[in-house]
$ cat run08.pdb   # PDB, C-alpha atoms
MODEL        1
ATOM      1  CA  MET A  25      -4.348  16.933  20.648
ATOM      2  CA  GLY A  26      -7.965  16.757  21.665
ATOM      3  CA  LYS A  27      -9.268  14.377  24.307
ATOM      4  CA  GLY A  28      -7.321  11.203  23.687
ATOM      5  CA  VAL A  29      -7.152  11.549  19.896
ATOM      6  CA  SER A  30      -3.594  11.418  18.631
ATOM      7  CA  GLY A  31      -2.255  12.403  15.241
ATOM      8  CA  LYS A  32      -1.289   8.762  14.728
ATOM      9  CA  ASP A  33      -4.905   7.665  15.381
ATOM     10  CA  ILE A  34      -6.035  10.123  12.747
ATOM     11  CA  GLU A  35      -3.293   9.273  10.210
ATOM     12  CA  GLN A  36      -4.305   5.613  10.338
ATOM     13  CA  ARG A  37      -7.846   6.607   9.393
ATOM     14  CA  ILE A  38      -6.930   8.652   6.320
ATOM     15  CA  PHE A  39      -7.227   6.706   3.072
ATOM     16  CA  LEU A  40      -6.500   7.483  -0.551
ATOM     17  CA  ILE A  41      -9.703   6.801  -2.477
ATOM     18  CA  ARG A  42     -10.458   8.065  -5.994
ATOM     19  CA  GLY A  43      -7.324  10.190  -5.829
ATOM     20  CA  HIS A  44      -8.422  12.020  -2.661
ATOM     21  CA  ARG A  45      -7.189  11.698   0.908
ATOM     22  CA  VAL A  46     -10.371  11.000   2.846
ATOM     23  CA  MET A  47     -11.726   9.956   6.204
ATOM     24  CA  LEU A  48     -14.679   7.584   6.423
ATOM     25  CA  SER A  49     -17.909   8.332   8.252
ATOM     26  CA  PRO A  50     -17.645   5.406  10.746
ATOM     27  CA  HIS A  51     -14.182   6.591  11.804
ATOM     28  CA  LEU A  52     -15.279  10.214  12.075
ATOM     29  CA  ALA A  53     -18.298   9.240  14.170
ATOM     30  CA  GLU A  54     -15.997   7.294  16.493
ATOM     31  CA  LEU A  55     -13.517  10.184  16.782
ATOM     32  CA  TYR A  56     -16.262  12.759  17.349
ATOM     33  CA  GLY A  57     -17.956  10.510  19.911
ATOM     34  CA  VAL A  58     -21.311  10.401  18.106
ATOM     35  CA  LYS A  59     -23.349   7.561  16.692
ATOM     36  CA  LEU A  60     -22.793   6.885  12.997
ATOM     37  CA  LYS A  61     -26.528   7.259  12.379
ATOM     38  CA  ALA A  62     -26.537  10.734  13.994
ATOM     39  CA  LEU A  63     -23.538  11.835  11.913
ATOM     40  CA  THR A  64     -25.153  10.537   8.707
ATOM     41  CA  GLN A  65     -28.451  12.285   9.509
ATOM     42  CA  ALA A  66     -26.666  15.571  10.237
ATOM     43  CA  VAL A  67     -24.907  15.339   6.873
ATOM     44  CA  LYS A  68     -28.147  14.547   5.029
ATOM     45  CA  ARG A  69     -29.911  17.504   6.715
ATOM     46  CA  ASN A  70     -27.073  19.775   5.553
ATOM     47  CA  ILE A  71     -26.204  18.104   2.248
ATOM     48  CA  GLU A  72     -25.991  21.487   0.444
ATOM     49  CA  ARG A  73     -22.815  22.158   2.484
ATOM     50  CA  PHE A  74     -21.125  19.107   0.957
ATOM     51  CA  PRO A  75     -20.387  19.356  -2.774
ATOM     52  CA  GLU A  76     -18.881  16.238  -4.353
ATOM     53  CA  ASP A  77     -15.301  17.451  -3.805
ATOM     54  CA  PHE A  78     -16.081  17.559  -0.045
ATOM     55  CA  LEU A  79     -18.023  14.314   0.284
ATOM     56  CA  PHE A  80     -18.817  11.223  -1.756
ATOM     57  CA  GLN A  81     -20.355   7.867  -1.012
ATOM     58  CA  LEU A  82     -18.281   4.731  -1.508
ATOM     59  CA  THR A  83     -19.485   2.040  -3.871
ATOM     60  CA  TRP A  84     -20.054  -1.513  -2.644
ATOM     61  CA  GLU A  85     -16.908  -2.547  -4.537
ATOM     62  CA  GLU A  86     -14.822   0.122  -2.773
ATOM     63  CA  MET A  87     -16.202  -0.997   0.577
ATOM     64  CA  ARG A  88     -15.375  -4.649  -0.167
ATOM     65  CA  SER A  89     -11.877  -3.628  -1.215
ATOM     66  CA  LEU A  90     -11.319  -1.606   1.956
ATOM     67  CA  ARG A  91     -12.724  -4.398   4.098
ATOM     68  CA  SER A  92     -10.388  -6.941   2.565
ATOM     69  CA  GLN A  93      -7.363  -4.653   2.835
ATOM     70  CA  PHE A  94      -7.859  -3.137   6.257
ATOM     71  CA  VAL A  95     -10.926  -4.734   7.874
ATOM     72  CA  THR A  96     -11.888  -1.138   8.482
ATOM     73  CA  LEU A  97     -15.600  -0.922   8.002
ATOM     74  CA  GLU A  98     -16.628  -3.151  10.862
ATOM     75  CA  ASN A  99     -19.282  -1.666  13.074
ATOM     76  CA  GLY A 100     -19.891  -2.232  16.729
ATOM     77  CA  LYS A 101     -17.227  -2.917  19.333
ATOM     78  CA  ASN A 102     -14.561  -5.394  18.308
ATOM     79  CA  GLY A 103     -16.171  -5.863  14.902
ATOM     80  CA  THR A 104     -19.381  -7.348  16.197
ATOM     81  CA  SER A 105     -22.915  -6.128  15.823
ATOM     82  CA  LYS A 106     -26.339  -7.459  16.624
ATOM     83  CA  ARG A 107     -27.365  -7.142  13.003
ATOM     84  CA  GLY A 108     -24.252  -8.607  11.420
ATOM     85  CA  LYS A 109     -20.581  -7.964  11.000
ATOM     86  CA  TYR A 110     -20.644  -5.275   8.309
ATOM     87  CA  SER A 111     -22.643  -2.161   7.541
ATOM     88  CA  LYS A 112     -25.758  -2.475   5.419
ATOM     89  CA  TYR A 113     -25.319   1.102   4.193
ATOM     90  CA  LEU A 114     -22.759   2.715   1.950
ATOM     91  CA  VAL A 115     -20.134   4.700   3.838
ATOM     92  CA  TYR A 116     -19.410   8.387   3.223
ATOM     93  CA  ALA A 117     -15.880   9.561   2.451
ATOM     94  CA  PHE A 118     -15.019  13.109   3.573
ATOM     95  CA  THR A 119     -12.157  15.042   1.984
ATOM     96  CA  GLU A 120     -10.221  17.507   4.121
ATOM     97  CA  GLN A 121     -12.684  20.251   3.173
ATOM     98  CA  GLY A 122     -15.591  17.935   3.980
ATOM     99  CA  VAL A 123     -14.171  17.243   7.443
ATOM    100  CA  ALA A 124     -13.840  20.991   8.018
ATOM    101  CA  MET A 125     -17.461  21.492   6.926
ATOM    102  CA  LEU A 126     -18.567  18.612   9.161
ATOM    103  CA  SER A 127     -17.255  20.500  12.172
ATOM    104  CA  SER A 128     -19.668  23.323  11.378
ATOM    105  CA  ILE A 129     -22.665  21.011  11.775
ATOM    106  CA  LEU A 130     -21.344  19.027  14.767
ATOM    107  CA  ARG A 131     -20.910  21.680  17.415
ATOM    108  CA  SER A 132     -19.800  19.843  20.540
ATOM    109  CA  LYS A 133     -16.550  20.783  22.313
ATOM    110  CA  ARG A 134     -15.174  17.340  21.480
ATOM    111  CA  ALA A 135     -16.017  17.860  17.791
ATOM    112  CA  ILE A 136     -14.094  21.144  17.826
ATOM    113  CA  GLN A 137     -11.015  19.589  19.459
ATOM    114  CA  VAL A 138     -11.058  16.506  17.234
ATOM    115  CA  ASN A 139     -11.494  18.668  14.146
ATOM    116  CA  ILE A 140      -8.467  20.782  15.093
ATOM    117  CA  SER A 141      -6.431  17.571  15.434
ATOM    118  CA  ILE A 142      -7.661  16.293  12.074
ATOM    119  CA  MET A 143      -6.827  19.573  10.307
ATOM    120  CA  ARG A 144      -3.317  19.555  11.819
ATOM    121  CA  THR A 145      -2.820  15.987  10.634
ATOM    122  CA  PHE A 146      -3.898  16.814   7.072
ATOM    123  CA  VAL A 147      -1.464  19.772   7.058
ATOM    124  CA  LYS A 148       1.332  17.526   8.358
ATOM    125  CA  ILE A 149       0.662  15.012   5.576
ATOM    126  CA  ARG A 150       0.704  17.787   2.936
ATOM    127  CA  GLU A 151       4.023  19.123   4.288
ATOM    128  CA  PHE A 152       5.505  15.616   4.288
ATOM    129  CA  LEU A 153       4.460  15.016   0.671
ATOM    130  CA  ALA A 154       5.772  18.432  -0.412
ATOM    131  CA  ALA A 155       9.154  17.701   1.190
ATOM    132  CA  HIS A 156       9.368  14.393  -0.676
ATOM    133  CA  LYS A 157       8.409  16.066  -3.940
ATOM    134  CA  GLU A 158      11.257  18.565  -3.456
ATOM    135  CA  LEU A 159      13.695  15.766  -2.620
ATOM    136  CA  ALA A 160      12.663  13.832  -5.745
ATOM    137  CA  TYR A 161      13.202  16.968  -7.843
ATOM    138  CA  LYS A 162      16.689  17.521  -6.386
ATOM    139  CA  LEU A 163      17.600  13.879  -6.980
ATOM    140  CA  ASP A 164      16.431  14.182 -10.583
ATOM    141  CA  GLN A 165      18.589  17.294 -11.054
ATOM    142  CA  LEU A 166      21.606  15.533  -9.548
ATOM    143  CA  GLU A 167      21.042  12.547 -11.828
ATOM    144  CA  LYS A 168      21.027  14.859 -14.862
ATOM    145  CA  LYS A 169      24.298  16.481 -13.740
ATOM    146  CA  VAL A 170      25.910  13.127 -13.071
ATOM    147  CA  GLY A 171      24.780  11.799 -16.455
ATOM    148  CA  LYS A 172      27.182  14.243 -18.140
ATOM    149  CA  HIS A 173      30.120  12.774 -16.265
ATOM    150  CA  ASP A 174      29.164   9.154 -16.832
ATOM    151  CA  VAL A 175      32.578   7.954 -18.082
ATOM    152  CA  GLU A 176      34.532   9.488 -15.196
ATOM    153  CA  ILE A 177      32.109   8.140 -12.612
ATOM    154  CA  GLN A 178      32.215   4.674 -14.195
ATOM    155  CA  ALA A 179      36.028   4.731 -13.962
ATOM    156  CA  ILE A 180      35.783   5.661 -10.270
ATOM    157  CA  PHE A 181      33.369   2.773  -9.632
ATOM    158  CA  GLU A 182      35.702   0.340 -11.430
ATOM    159  CA  ALA A 183      38.659   1.520  -9.337
ATOM    160  CA  ILE A 184      36.620   1.094  -6.144
ATOM    161  CA  ARG A 185      35.568  -2.421  -7.193
ATOM    162  CA  LYS A 186      39.208  -3.379  -7.843
ATOM    163  CA  LEU A 187      40.136  -2.118  -4.392
ATOM    164  CA  MET A 188      37.324  -4.213  -2.922
ATOM    165  CA  GLU A 189      38.503  -7.444  -4.580
ATOM    166  CA  PRO A 190      40.372  -9.819  -2.296
ATOM    167  CA  PRO A 191      44.115 -10.046  -2.976
ATOM    168  CA  PRO A 192      45.185 -12.927  -5.226
ATOM    169  CA  ALA A 193      45.639 -16.145  -3.261
ATOM    170  CA  LYS A 194      49.274 -17.011  -2.580
ATOM    171  CA  LYS A 195      50.422 -20.519  -3.416
ATOM    172  CA  LYS A 196      50.447 -22.374  -0.128
ATOM    173  CA  ARG A 197      53.519 -24.277   0.771
ATOM    174  CA  GLU A 198      52.821 -27.876   1.521
ATOM    175  CA  ILE A 199      53.799 -29.158   4.930
ATOM    176  CA  GLY A 200      55.899 -32.232   5.313
ATOM    177  CA  PHE A 201      58.937 -33.929   3.761
ATOM    178  CA  HIS A 202      59.178 -33.743  -0.022
ATOM    179  CA  VAL A 203      61.602 -35.609  -2.245
ATOM    180  CA  LYS A 204      62.754 -33.846  -5.331
ATOM    181  CA  PRO A 205      62.844 -36.148  -8.406
TER     182      PRO A 205
ENDMDL
END
$ encode --input "run08.pdb" --output "structure tokens"
Amino acid sequence: MGKGVSGKDIEQRIFLIRGHRVMLSPHLAELYGVKLKALTQAVKRNIERFPEDFLFQLTWEEMRSLRSQFVTLENGKNGTSKRGKYSKYLVYAFTEQGVAMLSSILRSKRAIQVNISIMRTFVKIREFLAAHKELAYKLDQLEKKVGKHDVEIQAIFEAIRKLMEPPPAKKKREIGFHVKP
């Protein structure tokens, strides 16, 4: 992957917001090695490249929710800033297509390498989800097949449970001398 950016680093910065997998502008600025302000300005100068299915701005409520869940929108190193702990501006959320478009306006070598890593991570996530969808479908099909044989399977489970039960306790013989009456 590109210059110290691992797939795991990227995966941890992908969120599901409004039904879209997105990356947030502060995280992208950090990964690309640019200031958040510079990234935001570049986007605003090229806003026609970012339709709403590529980019949207979070609401204050969404930012509060993310902050409380992940403490993710802190700015500055170690969550500190001269102006305060949290951003005064609404954060942008970039879909996969938005991240790809962002690479066309940020043209550094690092931006190219990071973007390649991000695209590979999005593909990996899609493949993972597709595999799980297929597994869920197969399980559903198996469940439908098994449903037809419910009585036989129930009998098998009952037999297994009986085999798992401990044997009946034998009457213990008492130790010592006993007088018969």
$ atom_distance --input "run08.pdb" --atom1 "CA of Asn139 (chain A)" --atom2 "CA of Glu85 (chain A)"
28.8 Å
$ closest_residue --input "run08.pdb" --among "A:Lys169, A:Arg42, A:Arg37, A:Lys68" --to "Thr83 (chain A)" --atoms "all atoms listed in the file"
A:Arg42
$ resolve_selection --input "run08.pdb" --expression "the PyMOL selection byres ((chain A and resi 82) around 7)" --output "PyMOL selection string"
chain A and resi 80-81+83-84+86-87+114-117
$ residues_around --input "run08.pdb" --residues "Leu63 (chain A)" --least-positions-apart "3" --cutoff "9 Å" --atoms "all atoms listed in the file" --output "ChimeraX atom specification"
/A:49-50,52-53,58-60,66-68,126,130
$ write_last_selection --input "run08.pdb" --atoms "C-alpha atoms" --output "mmCIF file, keeping the file's coordinate frame"
data_model
loop_
_atom_site.group_PDB
_atom_site.id
_atom_site.type_symbol
_atom_site.label_atom_id
_atom_site.label_comp_id
_atom_site.auth_asym_id
_atom_site.auth_seq_id
_atom_site.Cartn_x
_atom_site.Cartn_y
_atom_site.Cartn_z
ATOM 1 C CA SER A 49 -17.909 8.332 8.252
ATOM 2 C CA PRO A 50 -17.645 5.406 10.746
ATOM 3 C CA LEU A 52 -15.279 10.214 12.075
ATOM 4 C CA ALA A 53 -18.298 9.240 14.170
ATOM 5 C CA VAL A 58 -21.311 10.401 18.106
ATOM 6 C CA LYS A 59 -23.349 7.561 16.692
ATOM 7 C CA LEU A 60 -22.793 6.885 12.997
ATOM 8 C CA ALA A 66 -26.666 15.571 10.237
ATOM 9 C CA VAL A 67 -24.907 15.339 6.873
ATOM 10 C CA LYS A 68 -28.147 14.547 5.029
ATOM 11 C CA LEU A 126 -18.567 18.612 9.161
ATOM 12 C CA LEU A 130 -21.344 19.027 14.767
#
$ atom_distance --input "run08.pdb" --atom1 "CA of Ile34 (chain A)" --atom2 "CA of Lys133 (chain A)"
17.8 Å
$ resolve_selection --input "run08.pdb" --expression "the PyMOL selection byres ((chain A and resi 145-151) around 10)" --output "ChimeraX atom specification"
/A:30-35,38,45-46,119-120,139-144,152-157
$ closest_residue --input "run08.pdb" --among "A:Phe78, A:Ile136, A:Ala124, A:Gln36" --to "Gly57 (chain A)" --atoms "all atoms listed in the file"
A:Ile136
$ atom_distance --input "run08.pdb" --atom1 "CA of Asn70 (chain A)" --atom2 "CA of Leu55 (chain A)"
20.0 Å
$ residues_around --input "run08.pdb" --residues "Leu79 (chain A)" --least-positions-apart "4" --cutoff "6 Å" --atoms "all atoms listed in the file" --output "tab-separated table (two decimals) with C-alpha atoms, in the coordinates of the input"
chain	number	residue	atom	x	y	z
A	74	PHE	CA	-21.12	19.11	0.96
A	117	ALA	CA	-15.88	9.56	2.45
A	118	PHE	CA	-15.02	13.11	3.57
A	122	GLY	CA	-15.59	17.93	3.98
